[in-house]
file input.cif (mmCIF, C-alpha atoms)
data_data
#
loop_
_atom_site.label_atom_id
_atom_site.label_comp_id
_atom_site.auth_asym_id
_atom_site.auth_seq_id
_atom_site.Cartn_x
_atom_site.Cartn_y
_atom_site.Cartn_z
CA MET P 1 136.90 -193.41 17.67
CA LEU P 2 138.18 -190.59 15.53
CA VAL P 3 138.54 -192.98 12.64
CA PHE P 4 134.96 -194.04 13.10
CA LEU P 5 133.75 -190.44 13.09
CA ALA P 6 135.76 -189.74 10.00
CA LEU P 7 134.22 -192.76 8.31
CA VAL P 8 130.73 -191.62 9.25
CA SER P 9 131.36 -188.11 7.95
CA VAL P 10 132.74 -189.51 4.71
CA ALA P 11 129.67 -191.72 4.38
CA LEU P 12 127.39 -188.72 5.01
CA VAL P 13 129.22 -186.64 2.46
CA THR P 14 128.89 -189.36 -0.13
CA ILE P 15 125.20 -189.97 0.64
CA ALA P 16 124.23 -186.30 0.85
CA PRO P 17 124.55 -185.42 -2.84
CA GLN P 18 122.24 -188.30 -3.71
CA SER P 19 119.59 -187.13 -1.30
CA GLN P 20 119.97 -183.65 -2.72
CA ALA P 21 118.80 -184.74 -6.13
CA ILE P 22 115.74 -183.19 -7.63
CA VAL P 23 112.46 -185.10 -7.42
CA ILE P 24 109.79 -184.36 -9.97
CA TYR P 25 106.09 -184.90 -9.40
CA THR P 26 103.30 -185.22 -11.90
CA GLY P 27 100.04 -187.05 -11.62
CA TRP P 28 99.75 -190.70 -12.53
CA GLU P 29 96.87 -190.56 -14.95
CA ARG P 30 94.47 -187.86 -16.09
CA HIS P 31 91.05 -188.36 -17.61
CA ALA P 32 89.43 -185.71 -19.74
CA LEU P 33 86.55 -185.25 -22.14
CA VAL P 34 86.88 -184.56 -25.84
CA GLY P 35 86.89 -180.84 -26.53
CA SER P 36 87.58 -179.88 -22.94
CA GLU P 37 90.84 -178.67 -21.52
CA VAL P 38 93.14 -180.36 -19.07
CA ARG P 39 95.80 -179.02 -16.77
CA LEU P 40 98.86 -181.19 -16.50
CA SER P 41 100.66 -180.22 -13.36
CA CYS P 42 104.34 -180.67 -12.72
CA SER P 43 106.26 -179.66 -9.67
CA PHE P 44 109.58 -180.59 -8.18
CA PHE P 45 111.28 -180.84 -4.86
CA SER P 46 114.85 -179.76 -4.45
CA TRP P 47 116.98 -178.97 -1.44
CA ARG P 48 118.29 -175.84 -3.11
CA TRP P 49 116.63 -172.49 -3.44
CA THR P 50 114.76 -172.05 -6.66
CA SER P 51 117.31 -170.47 -8.93
CA GLU P 52 116.78 -168.02 -11.76
CA ASP P 53 117.88 -170.67 -14.21
CA VAL P 54 115.12 -173.12 -13.38
CA THR P 55 113.93 -174.96 -16.47
CA PHE P 56 110.87 -177.07 -17.20
CA SER P 57 110.38 -179.16 -20.26
CA TRP P 58 107.44 -181.26 -21.36
CA SER P 59 107.59 -183.92 -23.99
CA TYR P 60 104.80 -185.94 -25.51
CA ARG P 61 104.74 -189.52 -26.72
CA PRO P 62 101.56 -190.60 -28.51
CA ASP P 63 100.08 -194.00 -27.71
CA GLY P 64 101.56 -196.65 -29.96
CA SER P 65 104.57 -194.57 -30.85
CA ARG P 66 108.13 -194.97 -29.69
CA ASP P 67 109.38 -191.46 -30.19
CA SER P 68 108.57 -188.55 -28.01
CA ILE P 69 108.62 -184.96 -29.15
CA SER P 70 109.31 -181.91 -27.08
CA ILE P 71 106.31 -179.65 -26.79
CA PHE P 72 107.24 -177.13 -24.15
CA HIS P 73 110.35 -175.60 -22.68
CA TYR P 74 110.74 -172.97 -20.03
CA THR P 75 114.12 -171.39 -19.59
CA GLY P 76 115.59 -168.05 -18.66
CA GLY P 77 112.23 -166.83 -17.39
CA LEU P 78 110.45 -167.36 -20.71
CA PRO P 79 108.12 -170.16 -21.82
CA TYR P 80 108.60 -171.59 -25.30
CA LEU P 81 105.47 -173.28 -26.61
CA ASP P 82 104.90 -175.83 -29.32
CA ASN P 83 104.52 -173.85 -32.55
CA LYS P 84 104.78 -176.59 -35.16
CA GLY P 85 103.70 -179.85 -33.61
CA PRO P 86 100.36 -181.35 -32.65
CA PHE P 87 99.68 -178.86 -29.86
CA ARG P 88 100.16 -175.70 -31.89
CA ASP P 89 97.90 -172.92 -30.52
CA ARG P 90 96.41 -175.30 -27.98
CA LEU P 91 99.07 -175.08 -25.33
CA GLU P 92 99.33 -172.59 -22.54
CA PHE P 93 101.77 -172.19 -19.69
CA VAL P 94 99.88 -171.77 -16.45
CA GLY P 95 102.62 -172.56 -13.95
CA ASN P 96 104.62 -170.39 -11.65
CA PRO P 97 108.31 -171.27 -11.82
CA GLN P 98 109.17 -169.28 -8.71
CA ARG P 99 106.88 -171.58 -6.77
CA ARG P 100 108.26 -174.67 -8.48
CA ASP P 101 105.18 -175.12 -10.61
CA GLY P 102 105.58 -175.97 -14.29
CA SER P 103 101.99 -176.77 -15.20
CA ILE P 104 100.67 -176.58 -18.72
CA LEU P 105 97.13 -176.35 -20.01
CA ILE P 106 96.06 -178.22 -23.14
CA LYS P 107 92.89 -176.97 -24.75
CA ASN P 108 90.43 -178.46 -27.19
CA LEU P 109 91.40 -182.08 -26.57
CA ASP P 110 91.00 -184.70 -29.24
CA TYR P 111 91.28 -188.50 -29.21
CA SER P 112 94.64 -188.19 -30.92
CA ASP P 113 96.01 -186.55 -27.77
CA ASN P 114 95.97 -189.85 -25.92
CA GLY P 115 99.48 -190.49 -24.77
CA THR P 116 102.17 -189.98 -22.21
CA PHE P 117 103.36 -186.56 -21.18
CA THR P 118 106.73 -186.39 -19.50
CA CYS P 119 107.87 -183.49 -17.41
CA ASP P 120 111.48 -182.78 -16.64
CA ALA P 121 112.70 -179.98 -14.42
CA LYS P 122 116.14 -178.68 -13.61
CA ASN P 123 117.07 -176.38 -10.81
CA PRO P 124 120.73 -175.66 -11.45
CA PRO P 125 123.00 -176.70 -9.93
CA ASP P 126 120.56 -179.39 -8.85
CA ILE P 127 120.04 -181.35 -12.05
CA VAL P 128 120.10 -185.00 -11.10
CA GLY P 129 116.62 -186.37 -11.26
CA ARG P 130 114.28 -188.65 -13.11
CA PRO P 131 111.58 -187.18 -15.36
CA SER P 132 108.04 -187.96 -14.32
CA SER P 133 105.24 -189.02 -16.65
CA VAL P 134 101.51 -188.56 -16.66
CA ARG P 135 99.19 -190.48 -18.94
CA LEU P 136 96.36 -188.61 -20.58
CA LEU P 137 93.21 -190.47 -21.56
CA VAL P 138 90.62 -188.64 -23.63
CA PHE P 139 87.08 -189.96 -23.40
CA ASP P 140 83.81 -189.39 -25.16
CA LYS P 141 82.16 -189.61 -21.78
CA LEU P 142 83.90 -190.19 -18.52
CA PRO P 143 83.59 -193.83 -17.39
CA VAL P 144 82.03 -194.54 -14.04
CA GLN P 145 84.51 -196.07 -11.68
CA ALA P 146 83.81 -199.59 -10.52
CA GLY P 147 81.87 -199.80 -7.33
CA VAL P 148 80.73 -196.21 -7.13
CA ILE P 149 77.13 -196.89 -8.11
CA THR P 150 77.10 -200.17 -6.19
CA GLY P 151 78.20 -198.39 -3.08
CA ALA P 152 75.82 -195.54 -3.64
CA ILE P 153 72.78 -197.80 -3.97
CA ILE P 154 73.70 -199.97 -1.00
CA GLY P 155 74.50 -196.94 1.08
CA ALA P 156 71.28 -195.20 0.12
CA VAL P 157 69.06 -198.18 0.96
CA LEU P 158 70.81 -198.95 4.24
CA GLY P 159 70.80 -195.26 5.10
CA LEU P 160 67.08 -195.15 4.44
CA LEU P 161 66.61 -198.18 6.68
CA VAL P 162 68.59 -196.57 9.50
CA LEU P 163 66.65 -193.33 9.00
CA ILE P 164 63.33 -195.14 9.29
CA VAL P 165 64.45 -196.90 12.46
CA VAL P 166 65.72 -193.64 13.94
CA ILE P 167 62.52 -191.78 13.05
CA TYR P 168 60.43 -194.59 14.51
CA TYR P 169 62.24 -194.49 17.83
CA LEU P 170 62.30 -190.70 17.80
CA MET P 171 58.56 -190.58 17.29
CA ARG P 172 58.01 -193.06 20.08
CA PHE P 173 60.28 -191.07 22.31
CA LEU P 174 58.59 -187.78 21.42
CA VAL P 175 55.11 -189.18 21.91
CA ALA P 176 56.10 -190.52 25.28
CA ARG P 177 57.66 -187.19 26.18
CA ARG P 178 54.64 -185.19 25.04
CA VAL P 179 52.21 -187.26 27.11
CA PHE P 180 54.50 -186.87 30.05
CA ASN P 181 54.81 -183.11 29.52
CA LEU P 182 51.06 -182.78 29.15
CA SER P 183 50.38 -184.45 32.44
CA VAL P 184 53.14 -182.45 34.15
CA SER P 185 51.89 -179.12 32.80
CA LYS P 186 48.38 -180.01 33.79
CA HIS P 187 49.70 -180.75 37.25
CA GLY P 188 51.22 -177.28 37.26
CA LYS P 189 47.94 -175.66 36.25
CA LYS P 190 46.07 -177.74 38.74
CA ALA P 191 47.31 -175.32 41.36
CA LYS P 192 44.75 -172.85 39.97
CA GLY P 193 42.18 -175.50 40.62
CA LYS P 194 40.24 -175.38 37.35
CA GLU P 195 41.40 -178.16 35.10
CA GLY P 196 40.86 -181.07 37.35
CA SER P 197 38.89 -182.86 34.64
CA GLN P 198 41.60 -182.45 32.00
CA GLN P 199 44.32 -183.38 34.41
CA ARG P 200 43.15 -186.93 34.32
CA GLN P 201 43.59 -187.08 30.55
CA GLY P 202 47.16 -188.40 30.58
CA PRO P 203 46.58 -191.25 32.97
CA ALA P 204 43.18 -191.85 31.41
CA LEU P 205 44.86 -192.29 28.04
CA TYR P 206 47.14 -194.89 29.53
CA ALA P 207 44.18 -196.56 31.11
CA ALA P 208 42.42 -196.64 27.78
CA LEU P 209 45.49 -198.10 26.13
CA ASP P 210 45.75 -200.67 28.86
CA GLN P 211 42.12 -201.56 28.42
CA SER P 212 42.56 -202.01 24.70
CA LYS P 213 45.56 -204.18 25.37
CA LEU P 214 43.56 -206.14 27.87
CA LYS P 215 40.77 -206.51 25.37
CA ALA P 216 43.22 -207.64 22.71
CA SER P 217 44.81 -210.17 24.98
CA ALA P 218 41.38 -211.30 26.10
CA SER P 219 40.29 -211.82 22.54
CA GLU P 220 43.53 -213.68 21.88
CA LYS P 221 42.84 -215.88 24.82
CA LYS P 222 39.35 -216.50 23.56
CA LYS P 223 40.71 -217.41 20.14
CA GLN P 224 43.21 -219.76 21.60
CA GLU P 225 40.58 -221.31 23.76
CA SER P 226 38.32 -221.78 20.79
CA ARG P 227 41.21 -223.38 18.90
CA LYS P 228 41.84 -225.69 21.75
CA ASP P 229 38.18 -226.55 21.75
CA LYS P 230 38.32 -227.35 18.09
CA LYS P 231 41.20 -229.67 18.66
CA MET B 1 55.87 -227.19 16.05
CA LEU B 2 59.60 -227.71 16.36
CA LEU B 3 59.61 -229.38 12.96
CA LEU B 4 57.87 -226.39 11.42
CA LEU B 5 60.40 -224.05 13.02
CA LEU B 6 63.27 -226.14 11.71
CA GLY B 7 61.72 -226.22 8.25
CA ILE B 8 61.36 -222.45 8.14
CA ILE B 9 64.93 -221.88 9.24
CA ILE B 10 66.21 -224.37 6.68
CA LEU B 11 64.17 -222.67 3.95
CA HIS B 12 65.57 -219.29 4.95
CA ILE B 13 69.15 -220.52 5.07
CA ALA B 14 68.71 -222.26 1.72
CA ALA B 15 67.57 -219.00 0.15
CA LEU B 16 70.51 -217.22 1.75
CA VAL B 17 73.01 -219.78 0.46
CA LEU B 18 71.54 -219.57 -3.03
CA LEU B 19 71.88 -215.80 -2.94
CA PHE B 20 75.47 -216.09 -1.81
CA VAL B 21 76.42 -218.63 -4.43
CA SER B 22 74.76 -216.79 -7.26
CA THR B 23 76.41 -213.52 -6.27
CA ILE B 24 79.90 -214.94 -6.02
CA VAL B 25 80.14 -217.70 -8.62
CA SER B 26 81.37 -216.65 -12.02
CA ALA B 27 78.68 -218.25 -14.11
CA TRP B 28 75.93 -215.77 -14.81
CA THR B 29 76.56 -216.31 -18.46
CA VAL B 30 78.74 -219.06 -19.86
CA GLY B 31 80.00 -219.82 -23.32
CA SER B 32 82.51 -222.29 -24.66
CA THR B 33 85.43 -219.93 -24.18
CA SER B 34 84.25 -217.39 -21.68
CA SER B 35 82.22 -216.83 -18.57
CA SER B 36 81.07 -213.75 -16.78
CA ASP B 37 79.55 -212.86 -13.48
CA LEU B 38 78.54 -209.67 -11.79
CA TRP B 39 82.11 -208.65 -11.14
CA SER B 40 84.10 -209.42 -14.24
CA ASN B 41 83.88 -210.64 -17.78
CA CYS B 42 86.45 -213.33 -18.42
CA SER B 43 87.39 -215.05 -21.63
CA THR B 44 90.11 -217.32 -22.95
CA SER B 45 91.05 -215.80 -26.24
CA ASN B 46 94.29 -216.18 -28.10
CA GLY B 47 97.00 -215.29 -25.66
CA GLY B 48 95.40 -216.68 -22.56
CA TYR B 49 92.81 -215.96 -19.96
CA HIS B 50 91.94 -212.41 -19.22
CA CYS B 51 89.20 -210.58 -17.37
CA ASP B 52 87.64 -207.16 -17.77
CA PRO B 53 86.44 -205.55 -14.57
CA ALA B 54 82.77 -204.71 -14.47
CA ASN B 55 83.01 -200.98 -14.73
CA SER B 56 81.66 -200.79 -18.24
CA GLY B 57 78.03 -200.32 -17.40
CA GLU B 58 76.01 -198.61 -14.74
CA TRP B 59 73.39 -201.32 -14.82
CA ILE B 60 75.79 -204.11 -13.82
CA GLN B 61 76.65 -202.10 -10.74
CA ALA B 62 72.96 -201.76 -9.99
CA VAL B 63 72.65 -205.56 -10.20
CA GLN B 64 75.65 -205.96 -7.90
CA ALA B 65 74.12 -203.57 -5.41
CA LEU B 66 70.73 -205.30 -5.52
CA MET B 67 72.26 -208.73 -4.95
CA ILE B 68 74.32 -207.48 -2.02
CA LEU B 69 71.30 -205.69 -0.56
CA SER B 70 69.29 -208.85 -0.91
CA ILE B 71 71.93 -210.80 1.02
CA ILE B 72 72.07 -208.12 3.70
CA PHE B 73 68.30 -208.03 4.11
CA SER B 74 68.06 -211.80 4.22
CA PHE B 75 70.71 -211.84 6.93
CA LEU B 76 68.92 -209.14 8.88
CA SER B 77 65.74 -211.11 8.53
CA LEU B 78 67.35 -214.24 9.95
CA PHE B 79 68.77 -212.21 12.80
CA LEU B 80 65.42 -210.56 13.50
CA PHE B 81 63.72 -213.93 13.41
CA PHE B 82 65.86 -215.22 16.24
CA CYS B 83 65.35 -211.97 18.12
CA GLN B 84 61.59 -212.11 17.71
CA LEU B 85 61.53 -215.80 18.54
CA PHE B 86 62.59 -214.95 22.06
CA THR B 87 60.99 -211.55 22.57
CA LEU B 88 57.66 -211.76 20.79
CA GLN B 89 54.67 -212.36 23.01
CA LYS B 90 52.35 -215.22 22.43
CA GLY B 91 50.22 -215.01 19.32
CA GLY B 92 52.37 -212.31 17.70
CA ARG B 93 53.29 -212.44 14.05
CA PHE B 94 56.81 -212.17 12.69
CA PHE B 95 55.92 -209.09 10.67
CA LEU B 96 59.33 -207.43 10.75
CA THR B 97 61.14 -210.62 9.81
CA GLY B 98 58.69 -211.29 7.01
CA ILE B 99 58.94 -207.76 5.62
CA PHE B 100 62.72 -207.96 5.50
CA GLN B 101 62.67 -211.33 3.78
CA ILE B 102 60.09 -210.18 1.22
CA LEU B 103 62.20 -207.08 0.54
CA ALA B 104 65.21 -209.35 -0.01
CA SER B 105 63.23 -211.41 -2.49
CA LEU B 106 62.09 -208.27 -4.32
CA PHE B 107 65.69 -207.08 -4.52
CA VAL B 108 66.95 -210.30 -6.04
CA MET B 109 64.02 -210.31 -8.47
CA THR B 110 64.81 -206.76 -9.57
CA GLY B 111 68.48 -207.58 -10.01
CA ALA B 112 67.74 -210.69 -12.06
CA ILE B 113 65.28 -208.80 -14.25
CA ILE B 114 67.78 -206.03 -14.90
CA TYR B 115 70.41 -208.61 -15.77
CA THR B 116 68.05 -210.44 -18.11
CA VAL B 117 67.14 -207.28 -19.97
CA MET B 118 70.57 -205.69 -20.13
CA SER B 119 73.02 -208.59 -20.44
CA PRO B 120 73.06 -208.64 -24.28
CA GLU B 121 74.92 -205.34 -24.04
CA TRP B 122 77.78 -206.79 -22.10
CA VAL B 123 78.29 -210.43 -23.05
CA PRO B 124 78.77 -211.90 -26.51
CA GLU B 125 75.72 -213.26 -28.30
CA THR B 126 77.02 -216.82 -28.32
CA GLU B 127 76.85 -217.18 -24.56
CA SER B 128 73.89 -218.53 -22.66
CA PHE B 129 72.78 -217.94 -19.11
CA GLY B 130 74.69 -219.98 -16.55
CA PHE B 131 73.67 -221.71 -13.36
CA ALA B 132 74.37 -218.78 -11.06
CA TYR B 133 71.74 -216.81 -12.95
CA ILE B 134 69.25 -219.65 -12.50
CA LEU B 135 70.12 -219.89 -8.81
CA ALA B 136 69.32 -216.21 -8.44
CA TRP B 137 65.92 -216.82 -10.00
CA VAL B 138 65.36 -219.85 -7.72
CA ALA B 139 66.32 -217.81 -4.68
CA PHE B 140 63.56 -215.32 -5.43
CA PRO B 141 60.55 -217.62 -4.88
CA LEU B 142 62.25 -219.31 -1.94
CA ALA B 143 62.81 -215.99 -0.22
CA LEU B 144 59.30 -214.83 -1.09
CA ILE B 145 57.71 -218.01 0.28
CA SER B 146 59.71 -217.91 3.49
CA GLY B 147 58.83 -214.23 3.89
CA LEU B 148 55.14 -214.94 3.44
CA ILE B 149 55.36 -217.82 5.92
CA TYR B 150 56.88 -215.43 8.45
CA VAL B 151 54.01 -213.00 7.97
CA ILE B 152 51.37 -215.69 8.25
CA LEU B 153 53.05 -217.50 11.10
CA ARG B 154 51.94 -216.88 14.68
CA LYS B 155 54.13 -217.53 17.61
CA ARG B 156 52.56 -220.26 19.66
CA GLU B 157 54.50 -222.02 22.35
#

call {"tool": "encode", "arguments": {"input": "input.cif", "output": "structure tokens"}}
result
Amino acid sequence: MLVFLALVSVALVTIAPQSQAIVIYTGWERHALVGSEVRLSCSFFSWRWTSEDVTFSWSYRPDGSRDSISIFHYTGGLPYLDNKGPFRDRLEFVGNPQRRDGSILIKNLDYSDNGTFTCDAKNPPDIVGRPSSVRLLVFDKLPVQAGVITGAIIGAVLGLLVLIVVIYYLMRFLVARRVFNLSVSKHGKKAKGKEGSQQRQGPALYAALDQSKLKASASEKKKQESRKDKK
Amino acid sequence: MLLLLLGIIILHIAALVLLFVSTIVSAWTVGSTSSSDLWSNCSTSNGGYHCDPANSGEWIQAVQALMILSIIFSFLSLFLFFCQLFTLQKGGRFFLTGIFQILASLFVMTGAIIYTVMSPEWVPETESFGFAYILAWVAFPLALISGLIYVILRKRE
């Protein structure tokens, strides 16, 4: 039993450092318009407290190129920005290292900025981790995602249909209610004994409707009879 | 009477099947090396067969939506027809059914017109319209005729 416990503890000790590695998060893909600015966010998860020596570094690899260049480094509490490369004067550090945020802002985007941005973070002594990459796509105008318009049109038409049906039934319901209310209120006023003539209006309306229905059905019958005669 | 009923239902179902086929089958435009439908644009170029999803234009999505709406309305119309067949009183007309079917036909017509006008933007010049496109155009008069028959028809029996 003791041996077993010892084995388990050894296993835990060997597994623990792996689970204590640093995990870095960026987005998967970012879309942006030419001339606009984009915020590339980078954060990490680590089991340790955020130390004073936390570092962030961003590197950039243009599309169709094999080499990546470093464009940003944060260490010792100070951000070091690209001052010679493609992002000179266009880069800004907008993160908050104490809250594990190493985001950068790239301004005045151009088509040549298409590429992969890789963020790496270290939180000494927690340094084992895989850098995470985000792909930046710069567009003239943002493409519409597949199915958005399709869904919108179908939804709008079906919604309209449902709305019409609901309004139809609501109107029918309301009309029925109003007639009912009218007759009830007239009943209430009838106690004063003046509106006996109006009191009959509700039922009279029904009667009129019934008569019209009767007439309609009668005329139908006549038509059918005449058809039969023709045959 | 029963024969007429059967004929109407068969006409309706035929229109519905045509709508289905033309929406799904990948032959709105066909060329020697490529074909495209409402959902993707496929071609066999050097290096094999590959398809682009149809997110390049807003109008193709409008056509998709119109075709789907047309199918939905035609279905609803069929459903309503069976409902009205049992609930309508003698001498009544199948107005609701007819309106739905006519709307379906108008939807498919609109979709086909949009496709006709806009397709040169999306497909290469060498391609010609395929059979699914023709089926969509055939479905339009079928649906319209069956819709009009519904409106004219009186319930007898």

call {"tool": "resolve_selection", "arguments": {"input": "input.cif", "expression": "the PyMOL selection byres ((chain B and resi 72) around 10)", "output": "MDAnalysis selection string"}}
result
(chainID P and resid 154 158) or (chainID B and resid 16 66:71 73:78 100:101 104)

call {"tool": "atom_distance", "arguments": {"input": "input.cif", "atom1": "atom CA of B:Ile113", "atom2": "atom CA of B:Ile60"}}
result
11.5 Å

call {"tool": "residues_near_point", "arguments": {"input": "input.cif", "point": "(118.9, -172.4, -7.0)", "cutoff": "10 Å", "atoms": "all atoms listed in the file", "output": "list of chain:residue names"}}
result
P:Ser46, P:Trp47, P:Arg48, P:Trp49, P:Thr50, P:Ser51, P:Glu52, P:Asp53, P:Val54, P:Lys122, P:Asn123, P:Pro124, P:Pro125, P:Asp126

call {"tool": "atom_distance", "arguments": {"input": "input.cif", "atom1": "atom CA of B:Gly130", "atom2": "atom CA of B:Ala27"}}
result
5.0 Å

call {"tool": "resolve_selection", "arguments": {"input": "input.cif", "expression": "the PyMOL selection byres ((chain B and resi 131-144) around 6)", "output": "list in words"}}
result
Ala15, Leu18, Ser22, Ala27, Trp28, Ile102, Ser105, Met109, Gly130, Ile145, Ser146 and Gly147 of chain B

call {"tool": "resolve_selection", "arguments": {"input": "input.cif", "expression": "the PyMOL selection byres ((chain P and resi 106) around 8)", "output": "short mmCIF file (atom, residue, chain, number, x, y, z; two decimals) with C-alpha atoms, in the coordinates of the input"}}
result
data_model
loop_
_atom_site.label_atom_id
_atom_site.label_comp_id
_atom_site.auth_asym_id
_atom_site.auth_seq_id
_atom_site.Cartn_x
_atom_site.Cartn_y
_atom_site.Cartn_z
CA GLU P 37 90.84 -178.67 -21.52
CA VAL P 38 93.14 -180.36 -19.07
CA ARG P 39 95.80 -179.02 -16.77
CA LEU P 40 98.86 -181.19 -16.50
CA PHE P 87 99.68 -178.86 -29.86
CA ARG P 90 96.41 -175.30 -27.98
CA LEU P 91 99.07 -175.08 -25.33
CA GLU P 92 99.33 -172.59 -22.54
CA ILE P 104 100.67 -176.58 -18.72
CA LEU P 105 97.13 -176.35 -20.01
CA LYS P 107 92.89 -176.97 -24.75
CA ASN P 108 90.43 -178.46 -27.19
CA LEU P 109 91.40 -182.08 -26.57
#

call {"tool": "atom_distance", "arguments": {"input": "input.cif", "atom1": "atom CA of B:Leu153", "atom2": "atom CA of B:Gly7"}}
result
12.6 Å

call {"tool": "residues_around", "arguments": {"input": "input.cif", "residues": "P:Phe45", "least_positions_apart": "6", "cutoff": "9 Å", "atoms": "only C-alpha atoms", "output": "list in words"}}
result
Ala21, Ile22, Val23, Ile24, Tyr25 and Arg100 of chain P

call {"tool": "write_last_selection", "arguments": {"input": "input.cif", "atoms": "C-alpha atoms", "output": "PDB file, in the frame of the given file"}}
result
ATOM      1  CA  ALA P  21     118.800-184.740  -6.130  1.00  0.00           C
ATOM      2  CA  ILE P  22     115.740-183.190  -7.630  1.00  0.00           C
ATOM      3  CA  VAL P  23     112.460-185.100  -7.420  1.00  0.00           C
ATOM      4  CA  ILE P  24     109.790-184.360  -9.970  1.00  0.00           C
ATOM      5  CA  TYR P  25     106.090-184.900  -9.400  1.00  0.00           C
ATOM      6  CA  ARG P 100     108.260-174.670  -8.480  1.00  0.00           C
TER       7      ARG P 100
END

call {"tool": "decode", "arguments": {"input": "input.cif", "residues": "stretch 57-62 of chain B", "atoms": "all heavy atoms", "output": "PDB file, in the first residue's frame"}}
result
ATOM      1  N   GLY B  57     -20.213  36.750 -53.176  1.00  0.00           N
ATOM      2  CA  GLY B  57     -21.150  37.793 -53.552  1.00  0.00           C
ATOM      3  C   GLY B  57     -22.392  37.787 -52.688  1.00  0.00           C
ATOM      4  O   GLY B  57     -22.818  36.747 -52.224  1.00  0.00           O
ATOM      5  N   GLU B  58     -22.925  38.968 -52.489  1.00  0.00           N
ATOM      6  CA  GLU B  58     -24.169  39.058 -51.719  1.00  0.00           C
ATOM      7  C   GLU B  58     -25.327  38.504 -52.530  1.00  0.00           C
ATOM      8  O   GLU B  58     -26.240  37.909 -51.991  1.00  0.00           O
ATOM      9  CB  GLU B  58     -24.459  40.511 -51.327  1.00  0.00           C
ATOM     10  CG  GLU B  58     -23.582  41.062 -50.239  1.00  0.00           C
ATOM     11  CD  GLU B  58     -22.280  41.644 -50.771  1.00  0.00           C
ATOM     12  OE1 GLU B  58     -22.092  41.602 -51.998  1.00  0.00           O
ATOM     13  OE2 GLU B  58     -21.473  42.123 -49.964  1.00  0.00           O
ATOM     14  N   TRP B  59     -25.259  38.695 -53.847  1.00  0.00           N
ATOM     15  CA  TRP B  59     -26.411  38.305 -54.657  1.00  0.00           C
ATOM     16  C   TRP B  59     -26.608  36.800 -54.666  1.00  0.00           C
ATOM     17  O   TRP B  59     -27.737  36.320 -54.684  1.00  0.00           O
ATOM     18  CB  TRP B  59     -26.234  38.825 -56.083  1.00  0.00           C
ATOM     19  CG  TRP B  59     -25.050  38.230 -56.788  1.00  0.00           C
ATOM     20  CD1 TRP B  59     -23.779  38.701 -56.781  1.00  0.00           C
ATOM     21  CD2 TRP B  59     -25.035  37.044 -57.567  1.00  0.00           C
ATOM     22  NE1 TRP B  59     -22.971  37.885 -57.509  1.00  0.00           N
ATOM     23  CE2 TRP B  59     -23.716  36.858 -58.008  1.00  0.00           C
ATOM     24  CE3 TRP B  59     -26.004  36.123 -57.944  1.00  0.00           C
ATOM     25  CZ2 TRP B  59     -23.348  35.779 -58.782  1.00  0.00           C
ATOM     26  CZ3 TRP B  59     -25.626  35.051 -58.723  1.00  0.00           C
ATOM     27  CH2 TRP B  59     -24.303  34.892 -59.142  1.00  0.00           C
ATOM     28  N   ILE B  60     -25.503  36.010 -54.621  1.00  0.00           N
ATOM     29  CA  ILE B  60     -25.671  34.553 -54.653  1.00  0.00           C
ATOM     30  C   ILE B  60     -26.371  34.099 -53.382  1.00  0.00           C
ATOM     31  O   ILE B  60     -27.162  33.162 -53.397  1.00  0.00           O
ATOM     32  CB  ILE B  60     -24.313  33.843 -54.850  1.00  0.00           C
ATOM     33  CG1 ILE B  60     -24.508  32.367 -55.185  1.00  0.00           C
ATOM     34  CG2 ILE B  60     -23.432  33.936 -53.644  1.00  0.00           C
ATOM     35  CD1 ILE B  60     -24.801  32.112 -56.614  1.00  0.00           C
ATOM     36  N   GLN B  61     -26.096  34.809 -52.294  1.00  0.00           N
ATOM     37  CA  GLN B  61     -26.803  34.461 -51.056  1.00  0.00           C
ATOM     38  C   GLN B  61     -28.280  34.815 -51.153  1.00  0.00           C
ATOM     39  O   GLN B  61     -29.131  34.110 -50.602  1.00  0.00           O
ATOM     40  CB  GLN B  61     -26.164  35.198 -49.880  1.00  0.00           C
ATOM     41  CG  GLN B  61     -24.754  34.753 -49.654  1.00  0.00           C
ATOM     42  CD  GLN B  61     -24.251  35.144 -48.294  1.00  0.00           C
ATOM     43  OE1 GLN B  61     -25.015  35.482 -47.411  1.00  0.00           O
ATOM     44  NE2 GLN B  61     -22.956  35.109 -48.121  1.00  0.00           N
ATOM     45  N   ALA B  62     -28.576  35.903 -51.864  1.00  0.00           N
ATOM     46  CA  ALA B  62     -29.982  36.254 -52.065  1.00  0.00           C
ATOM     47  C   ALA B  62     -30.682  35.162 -52.868  1.00  0.00           C
ATOM     48  O   ALA B  62     -31.812  34.767 -52.552  1.00  0.00           O
ATOM     49  CB  ALA B  62     -30.091  37.589 -52.782  1.00  0.00           C
TER      50      ALA B  62
END
